[in-house]
Amino acid sequence: MTTSFDYSPYAVTYRERAEYVPGVVRALLLTAGARPGDPVCDMGAGSAHLTAPLLEYGLRVDAVEPTPAMRAVGERRTAGSPDVTWYEGTGEASGRPAGHYRLVTFGSSFDRTDRPAALRETARILAPGGHFACLWNHRDLDDPLQARIEELIHERVPGYGYGVRRTDQRPVIEESGLFAPPVALSGREVFRLPAGPWTEAWASHATLGEQAGARFGEVCDAIRDLVHREAGDWIDVPYTTRAWVARRLDPHGTDAHGALPHGTDADARR
Ligand SMILES: C[S@@+](CC[C@H](N)C(=O)[O-])C[C@H]1O[C@@H](n2cnc3c(N)ncnc32)[C@H](O)[C@@H]1O
């Protein structure tokens, strides 16, 4: 099943969201044994928040994105790079060739898929020994200002929840039977950000938008007023980037010998 959620209403402001913690992206690439020049497929690439650091690392990226408005933002952002090609597709039906990629990534998009189907599609397009990775940025909800934002949301959207985007991804990866036990990575960083764009970016928060419905505008306005009152022009936002990385098992059962073309798991420990 393909579950392509329409991100069009969120595309314009999505670009303003915080970047992934760079150390976690680096650790993810080390764990996957990715080397400059390797082919990577970035699923649900959207406005290129993950595609951009993958390109900076020297990887050759096929960016797959189902929503035209998001793809347009990502294409503009990466227009200067000769190493990226954009495709229409989903995590479940990417249209990309079998057995080709060193790494398949889902930056804040794995929760938008039928995850078992997306894992099957990932296993199909990975080269032997290749890796799957998914990651999200989580605001630290214990931070006093972020806690007040949460309160404000819950007052207006009773029962508000984050769905699978804040849950442990290990069970679904392990249950697929297609990957070795995943490595979980996380890193926290406080981003000092201009308050205006940060509050505007709430309009790109699809998880909140879906649940707030007609009250979405009101919630975003209340967050903007609170942040301007409490933080002024700049806001310090603690984010934890959480990632799960898993090696594709060899479908022919010779996996125990771990014959990877390069960049074995041992590289990650160096
Ligand atoms: C929260 S955005 C993340 C964008 C970007 N990867 C990032 O790291 O910021 C989620 C993206 O997933 C896309 N998406 C929705 N359904 C999808 C599916 N079934 N497969 C892959 N991507 C999907 C959306 O269009 C959107 O661009």
# chains A, B, ... in the order shown; residues from 1 in each chain; ligands from 1
>>> closest_atom_pairs(of="chain A", to="ligand 1", cutoff="9 Å", atoms="only C-alpha atoms and all ligand atoms", output="tab-separated table")
residue	atom	partner	partner_atom_place_in_ligand_line	distance
A:Met1	CA	ligand 1	19 (N)	8.9
A:Thr2	CA	ligand 1	19 (N)	5.7
A:Thr3	CA	ligand 1	19 (N)	4.5
A:Ser4	CA	ligand 1	16 (N)	3.5
A:Phe5	CA	ligand 1	16 (N)	4.2
A:Asp6	CA	ligand 1	25 (O)	5.7
A:Tyr7	CA	ligand 1	25 (O)	4.7
A:Ser8	CA	ligand 1	25 (O)	7.4
A:Tyr10	CA	ligand 1	26 (C)	8.7
A:Ala11	CA	ligand 1	27 (O)	7.6
A:Tyr14	CA	ligand 1	9 (O)	7.4
A:Arg15	CA	ligand 1	9 (O)	7.9
A:Arg17	CA	ligand 1	9 (O)	7.6
A:Ala18	CA	ligand 1	9 (O)	8.7
A:Glu19	CA	ligand 1	9 (O)	7.9
A:Tyr20	CA	ligand 1	8 (O)	7.9
A:Asp42	CA	ligand 1	6 (N)	7.4
A:Met43	CA	ligand 1	21 (C)	5.3
A:Gly44	CA	ligand 1	22 (N)	3.2
A:Ala45	CA	ligand 1	6 (N)	3.8
A:Gly46	CA	ligand 1	27 (O)	3.5
A:Ser47	CA	ligand 1	5 (C)	5.6
A:Ala48	CA	ligand 1	5 (C)	5.5
A:His49	CA	ligand 1	9 (O)	4.4
A:Leu50	CA	ligand 1	8 (O)	4.7
A:Thr51	CA	ligand 1	6 (N)	7.2
A:Val64	CA	ligand 1	21 (C)	7.2
A:Glu65	CA	ligand 1	22 (N)	5.6
A:Pro66	CA	ligand 1	25 (O)	5.4
A:Thr67	CA	ligand 1	25 (O)	4.5
A:Pro68	CA	ligand 1	25 (O)	8.0
A:Ala69	CA	ligand 1	25 (O)	8.3
A:Met70	CA	ligand 1	27 (O)	5.3
A:Arg71	CA	ligand 1	27 (O)	7.2
A:Gly74	CA	ligand 1	5 (C)	8.6
A:Gly89	CA	ligand 1	21 (C)	7.0
A:Thr90	CA	ligand 1	20 (N)	3.6
A:Gly91	CA	ligand 1	20 (N)	3.8
A:Glu92	CA	ligand 1	20 (N)	6.2
A:Ala93	CA	ligand 1	20 (N)	7.9
A:Ser94	CA	ligand 1	20 (N)	8.0
A:Thr105	CA	ligand 1	6 (N)	8.5
A:Phe106	CA	ligand 1	6 (N)	6.3
A:Gly107	CA	ligand 1	8 (O)	3.7
A:Ser108	CA	ligand 1	3 (C)	4.6
A:Ser109	CA	ligand 1	12 (O)	4.1
A:Phe110	CA	ligand 1	21 (C)	6.9
A:Asp111	CA	ligand 1	12 (O)	8.3
A:Arg112	CA	ligand 1	16 (N)	4.7
A:Thr113	CA	ligand 1	19 (N)	4.1
A:Asp114	CA	ligand 1	19 (N)	6.9
A:Arg115	CA	ligand 1	19 (N)	8.9
A:Ala118	CA	ligand 1	20 (N)	7.6
A:Leu135	CA	ligand 1	8 (O)	8.0
A:Trp136	CA	ligand 1	8 (O)	7.5
A:Asn137	CA	ligand 1	8 (O)	8.7
A:Ser204	CA	ligand 1	1 (C)	8.3
A:His205	CA	ligand 1	1 (C)	7.6
A:Ala206	CA	ligand 1	1 (C)	7.1
A:Thr207	CA	ligand 1	1 (C)	8.6
>>> residues_around(residues="Ile153 in chain A", least_positions_apart="4", cutoff="7 Å", atoms="only C-alpha atoms", output="VMD selection string")
chain A and resid 149 157 219
>>> write_last_selection(atoms="N, CA and C atoms", output="PDB file, in the first residue's frame")
ATOM      1  N   ILE A 149       4.745  25.635  25.213  1.00  0.00           N
ATOM      2  CA  ILE A 149       4.161  25.470  23.869  1.00  0.00           C
ATOM      3  C   ILE A 149       3.326  24.184  23.832  1.00  0.00           C
ATOM      4  N   VAL A 157      -5.903  21.388  21.359  1.00  0.00           N
ATOM      5  CA  VAL A 157      -6.078  20.151  20.578  1.00  0.00           C
ATOM      6  C   VAL A 157      -6.072  18.971  21.544  1.00  0.00           C
ATOM      7  N   VAL A 219      -3.729  27.923  16.665  1.00  0.00           N
ATOM      8  CA  VAL A 219      -2.631  27.357  17.473  1.00  0.00           C
ATOM      9  C   VAL A 219      -1.306  28.012  17.059  1.00  0.00           C
TER      10      VAL A 219
END
>>> select_by_dssp(residues="range 19-195 of chain A", states="helix (DSSP H, G or I)", output="ChimeraX atom specification")
/A:22-31,51-56,68-77,110-112,115-125,144-156,163-166,170-175,195
>>> residues_around(residues="Glu189 in chain A", least_positions_apart="2", cutoff="9 Å", atoms="only C-alpha atoms", output="ChimeraX atom specification")
/A:21,187,191,237-241
>>> write_last_selection(atoms="N, CA and C atoms", output="PDB file, in the first residue's frame")
ATOM      1  N   VAL A  21      20.951  17.410  13.787  1.00  0.00           N
ATOM      2  CA  VAL A  21      22.211  17.588  14.514  1.00  0.00           C
ATOM      3  C   VAL A  21      23.337  16.979  13.655  1.00  0.00           C
ATOM      4  N   GLY A 187      21.663  12.571  19.284  1.00  0.00           N
ATOM      5  CA  GLY A 187      22.530  13.672  19.693  1.00  0.00           C
ATOM      6  C   GLY A 187      21.685  14.914  19.882  1.00  0.00           C
ATOM      7  N   PHE A 191      19.877  24.928  19.242  1.00  0.00           N
ATOM      8  CA  PHE A 191      19.999  25.802  18.077  1.00  0.00           C
ATOM      9  C   PHE A 191      19.506  27.196  18.461  1.00  0.00           C
ATOM     10  N   VAL A 237      16.472  26.703  20.936  1.00  0.00           N
ATOM     11  CA  VAL A 237      15.618  25.510  20.886  1.00  0.00           C
ATOM     12  C   VAL A 237      16.472  24.245  20.962  1.00  0.00           C
ATOM     13  N   PRO A 238      16.320  23.481  22.052  1.00  0.00           N
ATOM     14  CA  PRO A 238      17.065  22.218  22.128  1.00  0.00           C
ATOM     15  C   PRO A 238      16.375  21.139  21.291  1.00  0.00           C
ATOM     16  N   TYR A 239      17.145  20.543  20.394  1.00  0.00           N
ATOM     17  CA  TYR A 239      16.632  19.447  19.575  1.00  0.00           C
ATOM     18  C   TYR A 239      17.484  18.206  19.812  1.00  0.00           C
ATOM     19  N   THR A 240      16.823  17.056  19.827  1.00  0.00           N
ATOM     20  CA  THR A 240      17.560  15.791  19.785  1.00  0.00           C
ATOM     21  C   THR A 240      17.241  15.139  18.451  1.00  0.00           C
ATOM     22  N   THR A 241      18.284  14.853  17.678  1.00  0.00           N
ATOM     23  CA  THR A 241      18.081  14.082  16.454  1.00  0.00           C
ATOM     24  C   THR A 241      18.228  12.617  16.831  1.00  0.00           C
TER      25      THR A 241
END
>>> residues_around(residues="range 60-63 of chain A", least_positions_apart="2", cutoff="7 Å", atoms="only C-alpha atoms", output="list in words")
Gly37, Asp38, Pro39, Val40, Cys41, Asp42, Met43, Ala45, Leu55, Gly58, Glu65, Asp83, Val84, Thr85, Trp86 and Tyr87 of chain A
>>> write_last_selection(atoms="N, CA, C and O atoms", output="PDB file, in the first residue's frame")
ATOM      1  N   GLY A  37      30.907   9.668  -2.970  1.00  0.00           N
ATOM      2  CA  GLY A  37      30.730   9.042  -4.280  1.00  0.00           C
ATOM      3  C   GLY A  37      29.727   7.907  -4.283  1.00  0.00           C
ATOM      4  O   GLY A  37      29.255   7.486  -5.336  1.00  0.00           O
ATOM      5  N   ASP A  38      29.383   7.387  -3.091  1.00  0.00           N
ATOM      6  CA  ASP A  38      28.415   6.277  -3.018  1.00  0.00           C
ATOM      7  C   ASP A  38      27.017   6.762  -3.421  1.00  0.00           C
ATOM      8  O   ASP A  38      26.632   7.894  -3.120  1.00  0.00           O
ATOM      9  N   PRO A  39      26.224   5.856  -4.027  1.00  0.00           N
ATOM     10  CA  PRO A  39      24.845   6.224  -4.357  1.00  0.00           C
ATOM     11  C   PRO A  39      23.908   6.044  -3.159  1.00  0.00           C
ATOM     12  O   PRO A  39      23.917   5.016  -2.499  1.00  0.00           O
ATOM     13  N   VAL A  40      23.126   7.090  -2.900  1.00  0.00           N
ATOM     14  CA  VAL A  40      22.177   7.090  -1.791  1.00  0.00           C
ATOM     15  C   VAL A  40      20.802   7.465  -2.330  1.00  0.00           C
ATOM     16  O   VAL A  40      20.700   8.304  -3.220  1.00  0.00           O
ATOM     17  N   CYS A  41      19.774   6.828  -1.788  1.00  0.00           N
ATOM     18  CA  CYS A  41      18.409   7.219  -2.141  1.00  0.00           C
ATOM     19  C   CYS A  41      17.782   7.869  -0.916  1.00  0.00           C
ATOM     20  O   CYS A  41      17.709   7.243   0.140  1.00  0.00           O
ATOM     21  N   ASP A  42      17.384   9.133  -1.029  1.00  0.00           N
ATOM     22  CA  ASP A  42      16.763   9.858   0.080  1.00  0.00           C
ATOM     23  C   ASP A  42      15.258   9.915  -0.169  1.00  0.00           C
ATOM     24  O   ASP A  42      14.788  10.608  -1.068  1.00  0.00           O
ATOM     25  N   MET A  43      14.509   9.160   0.644  1.00  0.00           N
ATOM     26  CA  MET A  43      13.059   8.999   0.441  1.00  0.00           C
ATOM     27  C   MET A  43      12.271  10.081   1.186  1.00  0.00           C
ATOM     28  O   MET A  43      12.556  10.361   2.352  1.00  0.00           O
ATOM     29  N   ALA A  45      12.238  13.213   0.374  1.00  0.00           N
ATOM     30  CA  ALA A  45      13.339  14.176   0.538  1.00  0.00           C
ATOM     31  C   ALA A  45      12.852  15.599   0.775  1.00  0.00           C
ATOM     32  O   ALA A  45      13.573  16.428   1.340  1.00  0.00           O
ATOM     33  N   LEU A  55      24.647  15.586   0.376  1.00  0.00           N
ATOM     34  CA  LEU A  55      25.418  16.109  -0.761  1.00  0.00           C
ATOM     35  C   LEU A  55      26.723  16.740  -0.280  1.00  0.00           C
ATOM     36  O   LEU A  55      27.775  16.570  -0.900  1.00  0.00           O
ATOM     37  N   GLY A  58      29.475  14.489  -0.039  1.00  0.00           N
ATOM     38  CA  GLY A  58      30.035  13.971  -1.295  1.00  0.00           C
ATOM     39  C   GLY A  58      29.297  12.771  -1.857  1.00  0.00           C
ATOM     40  O   GLY A  58      29.779  12.118  -2.793  1.00  0.00           O
ATOM     41  N   GLU A  65      10.466  12.099  -3.880  1.00  0.00           N
ATOM     42  CA  GLU A  65       9.492  12.905  -3.120  1.00  0.00           C
ATOM     43  C   GLU A  65       8.153  12.901  -3.859  1.00  0.00           C
ATOM     44  O   GLU A  65       8.096  13.228  -5.035  1.00  0.00           O
ATOM     45  N   ASP A  83      25.243  16.429  -8.205  1.00  0.00           N
ATOM     46  CA  ASP A  83      25.181  15.059  -7.672  1.00  0.00           C
ATOM     47  C   ASP A  83      23.811  14.645  -7.191  1.00  0.00           C
ATOM     48  O   ASP A  83      23.668  13.624  -6.505  1.00  0.00           O
ATOM     49  N   VAL A  84      22.784  15.446  -7.488  1.00  0.00           N
ATOM     50  CA  VAL A  84      21.440  15.072  -7.044  1.00  0.00           C
ATOM     51  C   VAL A  84      20.490  15.009  -8.235  1.00  0.00           C
ATOM     52  O   VAL A  84      20.574  15.815  -9.151  1.00  0.00           O
ATOM     53  N   THR A  85      19.619  13.987  -8.206  1.00  0.00           N
ATOM     54  CA  THR A  85      18.553  13.881  -9.199  1.00  0.00           C
ATOM     55  C   THR A  85      17.259  13.678  -8.436  1.00  0.00           C
ATOM     56  O   THR A  85      17.199  12.855  -7.510  1.00  0.00           O
ATOM     57  N   TRP A  86      16.237  14.428  -8.810  1.00  0.00           N
ATOM     58  CA  TRP A  86      14.946  14.345  -8.111  1.00  0.00           C
ATOM     59  C   TRP A  86      13.986  13.480  -8.890  1.00  0.00           C
ATOM     60  O   TRP A  86      13.929  13.540 -10.130  1.00  0.00           O
ATOM     61  N   TYR A  87      13.208  12.673  -8.164  1.00  0.00           N
ATOM     62  CA  TYR A  87      12.220  11.773  -8.772  1.00  0.00           C
ATOM     63  C   TYR A  87      10.903  11.885  -8.012  1.00  0.00           C
ATOM     64  O   TYR A  87      10.908  12.079  -6.795  1.00  0.00           O
TER      65      TYR A  87
END
>>> closest_residue(among="A:Gly159, A:Pro97, A:Pro53, A:Pro182", to="Ser81 in chain A", atoms="only C-alpha atoms")
A:Pro53
>>> atom_distance(atom1="CA of Ala123 in chain A", atom2="CA of Phe179 in chain A")
8.1 Å
>>> atom_distance(atom1="CA of Gly130 in chain A", atom2="CA of Arg102 in chain A")
4.6 Å
>>> closest_residue(among="A:Arg229, A:Arg166, A:His154, A:His131", to="Val245 in chain A", atoms="only C-alpha atoms")
A:His131
>>> residues_around(residues="Val183 in chain A", least_positions_apart="6", cutoff="10 Å", atoms="only C-alpha atoms", output="JSON, numbers by chain")
{"A": [28, 31, 32, 133, 170, 243, 244, 245, 246, 247]}
>>> write_last_selection(atoms="C-alpha atoms", output="PDB file, in the first residue's frame")
ATOM      1  CA  LEU A  28      24.778   7.608  10.686  1.00  0.00           C
ATOM      2  CA  THR A  31      27.579   3.341  10.756  1.00  0.00           C
ATOM      3  CA  ALA A  32      26.362   2.753   7.209  1.00  0.00           C
ATOM      4  CA  ALA A 133      18.347   4.770   7.991  1.00  0.00           C
ATOM      5  CA  ARG A 170      13.527  -1.034  16.357  1.00  0.00           C
ATOM      6  CA  ALA A 243      18.269   7.919  14.098  1.00  0.00           C
ATOM      7  CA  TRP A 244      18.045   4.179  13.506  1.00  0.00           C
ATOM      8  CA  VAL A 245      20.439   2.519  11.070  1.00  0.00           C
ATOM      9  CA  ALA A 246      20.182  -1.109   9.964  1.00  0.00           C
ATOM     10  CA  ARG A 247      22.119  -3.279   7.547  1.00  0.00           C
TER      11      ARG A 247
END
>>> select_by_dssp(residues="range 11-217 of chain A", states="strand (DSSP E or B)", output="PyMOL selection string")
chain A and resi 39-43+60-64+84-87+101-107+126-139+179+183-194
>>> residues_around(residues="Val172 in chain A", least_positions_apart="3", cutoff="9 Å", atoms="only C-alpha atoms", output="PyMOL selection string")
chain A and resi 115-116+119+168-169+175-176
>>> residues_around(residues="Glu230 in chain A", least_positions_apart="6", cutoff="12 Å", atoms="only C-alpha atoms", output="PyMOL selection string")
chain A and resi 144-146+148-149+195+223-224+236
>>> write_last_selection(atoms="C-alpha atoms", output="mmCIF file, in the first residue's frame")
data_model
loop_
_atom_site.group_PDB
_atom_site.id
_atom_site.type_symbol
_atom_site.label_atom_id
_atom_site.label_comp_id
_atom_site.auth_asym_id
_atom_site.auth_seq_id
_atom_site.Cartn_x
_atom_site.Cartn_y
_atom_site.Cartn_z
ATOM 1 C CA PRO A 144 10.556 25.439 29.918
ATOM 2 C CA LEU A 145 9.453 27.401 26.834
ATOM 3 C CA GLN A 146 8.863 24.230 24.786
ATOM 4 C CA ARG A 148 4.611 25.883 27.630
ATOM 5 C CA ILE A 149 4.161 25.470 23.869
ATOM 6 C CA ALA A 195 12.248 33.652 16.453
ATOM 7 C CA ILE A 223 2.678 29.912 19.601
ATOM 8 C CA ARG A 224 3.943 32.988 17.766
ATOM 9 C CA ASP A 236 17.218 28.793 21.885
#
>>> closest_residue(among="A:Tyr160, A:Glu121, A:Gly217, A:Val190", to="Arg139 in chain A", atoms="only C-alpha atoms")
A:Val190
